[in-house]
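Q: There's a structure below that I have some questions on.
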Amino acid sequence: MATTTINGNANWDQDSVTVPLLSVQRTTPNSTSQVAIVGSKVCPIESLDYEIFENELFKQDWRGSSKVQVFQYIFMKWLLCFLIGLIVSLIGFCNNLAVENLAGTKFVVTSNMMLESRYGMAFFVFATSNFVLTLFAAIITAFISPTAAGSGIPEVKAYLNGVDAPGIFSLRTLGVKIIGSISAVSSSLLVGKAGPMVHTGACVASLLGQGGSRKYKLTCKWLRFFKNDRDRRDLVTCGAAAGIAAAFRAPVGGVLFALEEMATWWRGALLWRAFFTTAIVAIVLRAFIDICLSGKCGLFGTGGLIMFDVYSANISYHVGDLPPVLALGVIGGILGSFYNFLLEKVLRVYNLINEKGIAYKIFLACLISIFTSCLLFGLPWIASCRPCPADASEACPTIGRSGNYKKFQCPPGYYNDLASLIFNTNDDAIRNLFSKDTNAEFQHSSMLIFFVTCFFLSIFSYGVVAPAGLFVPVIVTGASYGRFVGMLVGPHSNLNHGLYAVLGAASLLGGSMRMTVSLCVIILELTNNLLLLPLIMLVLFVSKTVADAFNGNIYDLIMKAKGFPYLEGHAEPYMRQLTVSDVVTGPLQLFHGIEKVSNIVHVLRTTKHNGFPVLDEPPLSESPVLFGIILRAHLITLLKKKAFFFPTPDQTGMDALKQFSASDFAKRGSGNGDKIEDIELNEEEMDMLIDLHPFTNASPYTVVETMSLAKARILFREVGLRHLLVIPKISSRSPVVGILTRHDFMPEHILSLHPLLVNSRWKRLRFRFPSMRKFFSDISASIKSYPRE
């Protein structure tokens, strides 16, 4: 039986027609599979199978589940959540321990040399140690796991939306993420560890849910229940929540971060497990804090951003304090959108450099390290020394690593206020900015210099080939300008400068990342002061509202730049003008219920489809009818086993249920599936037949060809589908018109098929935001540069 083509319609199973924005100059047409940039590495990506594949094997396995197996499944869910919380908290603590001791040793040695007036040698030691640490992080990232570069939050967010990029959760990525993050943060690059911790938590969860390794014979029968994309998705969500909880010691904030920013699908049971996971993180971190309080953690002490309360004083504020707070929100929204705009432009430039080879990636990272070291060591020299306050709450000047009053080059009894911020770890800089009763500690010029330095250094540091987060740099930058505003307001406000720093950090976070509830709770847990709640809510609301008028949040921009086909929660208005038949393309490849082996092999080798409709025709049915859909991975498994081949149709039957089990078709880890090129069949086997009925999902989701594209898109996203079959409205036609995949719902694909919609779309947006004509014209030009299919 020959593989059939219907109506000339088909859909390549790809998820976006776009070439990643970071690679707009790449000439290779994206006509066979979706590609994306993951850590400056171009790789093919696929969608995930969140839908339950209800074939006969699944039904038999589900009916045969005993109470013991149900108990095992529930018990293992909670056990895995416990293990995720435990492992992520241990990694988070070790990260902070390593960073504080590595960076602390560097600053102690440098400070001791400066006490001896050996300034040249101090700079050499400082710059060399930063260079070595950056070089090490860049080398292991570039050579071992390029997918570990960046924060990892865009990759995790795309995965939870249904996009699978090879290697983002591998064991190599996990190792490089941990070690590279420690090295990069210790090297004084203005990068954070919160984003890498989210990716680390997701990696831990994904690896635990894979059930071991068949290759190394490390498997566990109890983990066989999680060999599917749906359960792994839930575990990865818990891992992401645990990562934020470990980075900021904010368990509730971690759950809300996963709910608000990361997860596309959420339910009550997942809320409980995510909360349990973050609770384990909080308990373990609290236990390690007690150990460090006894002085057993070296230079770590109680240090690290996760380990201190930055603001605990009682706060009183009145209506007269609201105008400067509102101004902070407006400024934060404008600065946050500008920050996102500049970062996207810098990433484009960096990618052009990174595409030239690994040597260029490493050279760029080293160049940024040298430039950063020169700034951090050189800028404090332009600040004047200030006499130590008589009522200082701690030693002044500070000799060594941490403290509010860095001595730097100043004489005894004086301190350098700019060095207290800039020649320090990010965590200590935040502590100094948030500190109370220090209104007279910093000069206006020093605070302004520090703000400008952090703003641009954080942008230039993020794109290097090393694990790097954005949370902490944005907090430092926002806190510096918030404190500067507090210094300008001065005695006209009841709020002290430390509180303005907290509100400034909140406003820039809201303006850049566009989160509200989760950021509010994270900052409250970070500062340990519930009295800040009304002010933080106001600042976040204003900053997000202002920033939304200019561009999207930073993680969405990075996802788009990397080429991830992310499905937003809303359908574009123009989609209601189209039907699903307007975007389905061809030709369509399908199989019959009883199919020849050679036809299956030919289709699998000549196409990249991942789902195929299965039809029954006479004599199996009175007229052609749609039986269901079968996956590419399942067909490859059948060909590999060679256990269900029959020479004639009369010998086929339901014996497949005795020869196969549901575990034979379980989903392997990302990128570990079998390939059709590895299957070897002789001529006799190629002439045999396969009965596809027992392995076909007989209850696929279908829509009629006249359904509006907007409604079909909502169904596709809310259910978490990979394939959506389109059937004709007139029954006399062929039973299948085509297949809709993620690719068909992407705006770039739709607008390339219907270019007249582009003008109407941008006209509406220009009417709403007349000041943004240049921005929209750039977007329109980029869409026109996408390859058409």
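Every chain in the structure tokens has a letter given in the order shown (A, B, ...), and although residue numbers restart at 1 in each chain, ligands are simply numbered from 1 in the order shown.
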Find the residues of stretch 514-604 of chain A that sit at most 10 Å from stretch 236-249 of chain A; for each, write down the nearest two atoms and how far apart they are in Å, to one decimal. Count only C-alpha atoms. Sort by chain, then by number going up, and give it as CSV.

A:
```
residue,atom,partner,partner_atom,distance
A:Ile522,CA,A:Phe248,CA,7.3
A:Ile523,CA,A:Phe248,CA,8.9
A:Glu525,CA,A:Arg249,CA,7.4
A:Leu526,CA,A:Phe248,CA,6.4
```

Q: Take the selection from the previous step and output its residues with all heavy atoms, as a tab-separated table (two decimals), in the first residue's frame.

A:
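Output below, filename out_6.tsv:
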```tsv
chain	number	residue	atom	x	y	z
A	522	ILE	N	9.46	37.75	46.68
A	522	ILE	CA	10.90	37.50	46.78
A	522	ILE	C	11.59	38.63	47.54
A	522	ILE	O	12.44	38.40	48.42
A	522	ILE	CB	11.51	37.33	45.37
A	522	ILE	CG1	11.08	36.00	44.77
A	522	ILE	CG2	13.04	37.41	45.43
A	522	ILE	CD1	11.49	35.81	43.32
A	523	ILE	N	11.25	39.87	47.21
A	523	ILE	CA	11.87	41.01	47.90
A	523	ILE	C	11.47	41.05	49.36
A	523	ILE	O	12.30	41.35	50.24
A	523	ILE	CB	11.50	42.32	47.19
A	523	ILE	CG1	12.11	42.34	45.79
A	523	ILE	CG2	11.97	43.53	47.98
A	523	ILE	CD1	11.67	43.51	44.94
A	525	GLU	N	10.71	38.44	51.23
A	525	GLU	CA	11.45	37.38	51.90
A	525	GLU	C	12.93	37.72	52.00
A	525	GLU	O	13.60	37.34	52.96
A	525	GLU	CB	11.26	36.06	51.15
A	525	GLU	CG	9.84	35.52	51.24
A	525	GLU	CD	9.67	34.19	50.54
A	525	GLU	OE1	9.75	34.17	49.30
A	525	GLU	OE2	9.47	33.16	51.22
A	526	LEU	N	13.44	38.45	51.02
A	526	LEU	CA	14.83	38.84	51.03
A	526	LEU	C	15.12	39.88	52.10
A	526	LEU	O	16.15	39.85	52.77
A	526	LEU	CB	15.21	39.40	49.64
A	526	LEU	CG	16.66	39.76	49.38
A	526	LEU	CD1	17.51	38.50	49.40
A	526	LEU	CD2	16.79	40.45	48.04
```

Q: Please identify all polymer residues within 9 Å of A:Ala712, counting only C-alpha atoms, omitting same-chain residues fewer than 5 positions from it, and present them as a list in words.

A: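 My list of contacting residues is Thr579, Val580, Val703, Met707, Arg717, Leu724 and Phe745 of chain A.
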
Q: What does the file look like for those residues with C-alpha atoms, as a CSV table (one decimal), in the first residue's frame?

A:
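Contents of out-v9.csv, as written:
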```
chain,number,residue,atom,x,y,z
A,579,THR,CA,-9.5,29.6,9.5
A,580,VAL,CA,-7.2,26.6,10.1
A,703,VAL,CA,-10.8,20.4,14.5
A,707,MET,CA,-12.7,26.7,12.8
A,717,ARG,CA,-1.9,25.7,23.8
A,724,LEU,CA,-3.8,18.9,15.9
A,745,PHE,CA,0.5,29.1,15.1
```

Q: Based on DSSP run over this structure's backbone, return all residues of stretch 316-369 of chain A in alpha helix (DSSP H), as number ranges by chain.

A: A: 322-354, 358-369

Q: Just the residues within 10 Å of A:Glu617, please, counting only C-alpha atoms, with nothing from its chain fewer than 3 positions along; format it as a PyMOL selection string.

A: chain A and resi 592-594+620-627

Q: Taking only residues of stretch 462-512 of chain A that have an atom at most 8 Å from an atom of stretch 410-428 of chain A, what is each one's shortest atom pair and its distance in Å to one decimal, using only C-alpha atoms, in chain and number order, as JSON lines?

A:
```
{"residue": "A:Val472", "atom": "CA", "partner": "A:Asn426", "partner_atom": "CA", "distance": 7.3}
{"residue": "A:Pro473", "atom": "CA", "partner": "A:Asn426", "partner_atom": "CA", "distance": 7.6}
{"residue": "A:Val476", "atom": "CA", "partner": "A:Asn426", "partner_atom": "CA", "distance": 7.0}
```

Q: Grab the residues selected above and save them as an mmCIF file, in the first residue's frame with all heavy atoms.

A:
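Result went into part-v5.cif, see below:
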```cif
data_model
loop_
_atom_site.group_PDB
_atom_site.id
_atom_site.type_symbol
_atom_site.label_atom_id
_atom_site.label_comp_id
_atom_site.auth_asym_id
_atom_site.auth_seq_id
_atom_site.Cartn_x
_atom_site.Cartn_y
_atom_site.Cartn_z
ATOM 1 N N VAL A 472 20.659 39.318 39.984
ATOM 2 C CA VAL A 472 21.515 40.068 40.899
ATOM 3 C C VAL A 472 22.044 41.352 40.269
ATOM 4 O O VAL A 472 22.020 42.413 40.908
ATOM 5 C CB VAL A 472 22.661 39.175 41.415
ATOM 6 C CG1 VAL A 472 23.651 39.988 42.248
ATOM 7 C CG2 VAL A 472 22.099 38.019 42.240
ATOM 8 N N PRO A 473 22.535 41.343 39.027
ATOM 9 C CA PRO A 473 22.964 42.612 38.418
ATOM 10 C C PRO A 473 21.850 43.654 38.359
ATOM 11 O O PRO A 473 22.101 44.844 38.587
ATOM 12 C CB PRO A 473 23.412 42.194 37.017
ATOM 13 C CG PRO A 473 23.823 40.776 37.152
ATOM 14 C CD PRO A 473 22.879 40.197 38.149
ATOM 15 N N VAL A 476 21.403 45.066 41.876
ATOM 16 C CA VAL A 476 22.471 46.017 42.209
ATOM 17 C C VAL A 476 22.245 47.342 41.494
ATOM 18 O O VAL A 476 22.343 48.422 42.104
ATOM 19 C CB VAL A 476 23.852 45.426 41.823
ATOM 20 C CG1 VAL A 476 24.945 46.458 42.062
ATOM 21 C CG2 VAL A 476 24.141 44.173 42.624
#
```

Q: Tell me which protein, DNA and RNA residues are within 9 Å of A:Tyr481, counting only C-alpha atoms, leaving out same-chain ones fewer than 6 positions away, and put them as a PyMOL selection string.

A: chain A and resi 328+447-448+450-452+500-501+504-505

Q: Report as a CSV table (one decimal) with N, CA, C and O atoms, in the first residue's frame all protein, DNA and RNA residues lying within 9 Å of A:His723, evaluated on only C-alpha atoms, omitting residues in the same chain fewer than 6 positions from it.

A:
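Written file, result-v8.csv:
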```
chain,number,residue,atom,x,y,z
A,13,ASP,N,6.7,18.9,10.4
A,13,ASP,CA,6.6,19.0,11.9
A,13,ASP,C,7.7,19.9,12.4
A,13,ASP,O,8.7,19.4,13.0
A,49,ASP,N,5.6,16.0,23.8
A,49,ASP,CA,4.4,15.3,23.8
A,49,ASP,C,3.7,15.3,25.1
A,49,ASP,O,3.8,14.3,25.9
A,610,ASN,N,6.9,14.2,12.8
A,610,ASN,CA,6.9,13.4,14.0
A,610,ASN,C,5.5,12.8,14.3
A,610,ASN,O,5.3,12.2,15.4
A,611,GLY,N,4.5,13.1,13.5
A,611,GLY,CA,3.2,12.5,13.7
A,611,GLY,C,2.6,12.2,12.3
A,611,GLY,O,2.7,13.0,11.4
A,629,ILE,N,-3.7,8.8,15.0
A,629,ILE,CA,-2.4,9.3,14.7
A,629,ILE,C,-1.3,8.5,15.4
A,629,ILE,O,-1.5,8.0,16.5
A,700,PRO,N,-7.4,11.2,18.8
A,700,PRO,CA,-6.6,12.4,18.7
A,700,PRO,C,-7.5,13.6,18.7
A,700,PRO,O,-8.7,13.5,18.4
A,701,TYR,N,-7.0,14.8,19.0
A,701,TYR,CA,-7.7,16.0,19.0
A,701,TYR,C,-7.9,16.4,17.5
A,701,TYR,O,-6.9,16.5,16.8
A,716,PHE,N,-4.9,24.4,21.2
A,716,PHE,CA,-3.6,23.8,21.1
A,716,PHE,C,-2.7,24.1,22.3
A,716,PHE,O,-2.1,23.2,22.8
A,739,ILE,N,-2.3,18.5,9.3
A,739,ILE,CA,-2.0,18.6,10.7
A,739,ILE,C,-1.5,19.9,11.0
A,739,ILE,O,-0.6,20.5,10.3
A,740,LEU,N,-2.0,20.4,12.2
A,740,LEU,CA,-1.4,21.7,12.7
A,740,LEU,C,-0.4,21.4,13.8
A,740,LEU,O,-0.7,20.6,14.7
A,741,THR,N,0.7,22.0,13.7
A,741,THR,CA,1.7,21.9,14.8
A,741,THR,C,2.1,23.3,15.3
A,741,THR,O,1.5,24.3,14.8
A,742,ARG,N,3.0,23.4,16.2
A,742,ARG,CA,3.3,24.7,16.8
A,742,ARG,C,3.7,25.7,15.7
A,742,ARG,O,3.5,26.9,15.9
```

Q: Using only C-alpha atoms, find the one residue out of A:Glu595, A:Asp164, A:Glu572, A:Asp321 that sits nearest to A:Ser493.

A: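 Closest residue, counting only C-alpha atoms: A:Asp321.
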
Q: Quote the spacing between atom CA of A:Ile382 and atom CA of A:Glu441 in Å to one decimal place.

A: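 Spanning atom CA of A:Ile382 to atom CA of A:Glu441 is a straight-line distance of 16.6 Å.
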
Q: In Å to one decimal, how far is atom CA of A:Asp616 from atom CA of A:Lys596?

A: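 Taking atom CA of A:Lys596 and atom CA of A:Asp616, their separation equals 14.0 Å.
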
Q: Could you please write out, as a PyMOL selection string, every residue of stretch 314-424 of chain A that DSSP assigns to strand (DSSP E or B)?

A: chain A and resi 386-387+398+406+414-415

Q: What lies within 7 Å of A:Ala158 using only C-alpha atoms, ignoring chain neighbours under 5 positions off, as an MDAnalysis selection string?

A: chainID A and resid 163 564 566

Q: Could you please take those selected residues and save N, CA and C atoms as a PDB file, in the first residue's frame?

A:
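That gives us part-v9.pdb:
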```
ATOM      1  N   VAL A 163       8.702  23.237  24.212  1.00  0.00           N
ATOM      2  CA  VAL A 163       9.805  23.265  23.254  1.00  0.00           C
ATOM      3  C   VAL A 163      10.989  22.501  23.830  1.00  0.00           C
ATOM      4  N   PHE A 564      13.331  30.336  19.907  1.00  0.00           N
ATOM      5  CA  PHE A 564      12.394  29.390  20.502  1.00  0.00           C
ATOM      6  C   PHE A 564      10.966  29.756  20.099  1.00  0.00           C
ATOM      7  N   TYR A 566       7.905  30.106  21.127  1.00  0.00           N
ATOM      8  CA  TYR A 566       7.111  30.181  22.354  1.00  0.00           C
ATOM      9  C   TYR A 566       5.693  30.621  22.029  1.00  0.00           C
TER      10      TYR A 566
END
```

Q: Expressed in Å to a single decimal, how great is the separation between atom CA of A:Leu256 and atom CA of A:Ile91?

A: 21.2 Å

Q: Between A:Val704, A:Leu115, A:Val42, A:Val191, which one has atoms that come closest to A:Gly167, using only C-alpha atoms?

A: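 Ranked by minimum distance to A:Gly167, first place goes to A:Val42.
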
Q: Taking only C-alpha atoms into account, which of A:Gly478, A:Gly192, A:Gly92, A:Pro154 comes nearest A:Asp556?

A: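 Once distances to A:Asp556 are computed over only C-alpha atoms, the minimum belongs to A:Pro154.
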
Q: Go through A:Ser435, A:Glu54, A:Ile182, A:Gly85 and flag the residue nearest A:Phe275, using only C-alpha atoms for the distances.

A: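 Result for the nearest residue to A:Phe275: A:Gly85.
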
Q: From the set A:Leu190, A:Leu725, A:Ala205, A:Ala258, which residue has the shortest atom-to-atom contact distance to A:Ser458, counting only C-alpha atoms?

A: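 The shortest atom-to-atom distance to A:Ser458 comes from A:Leu190.
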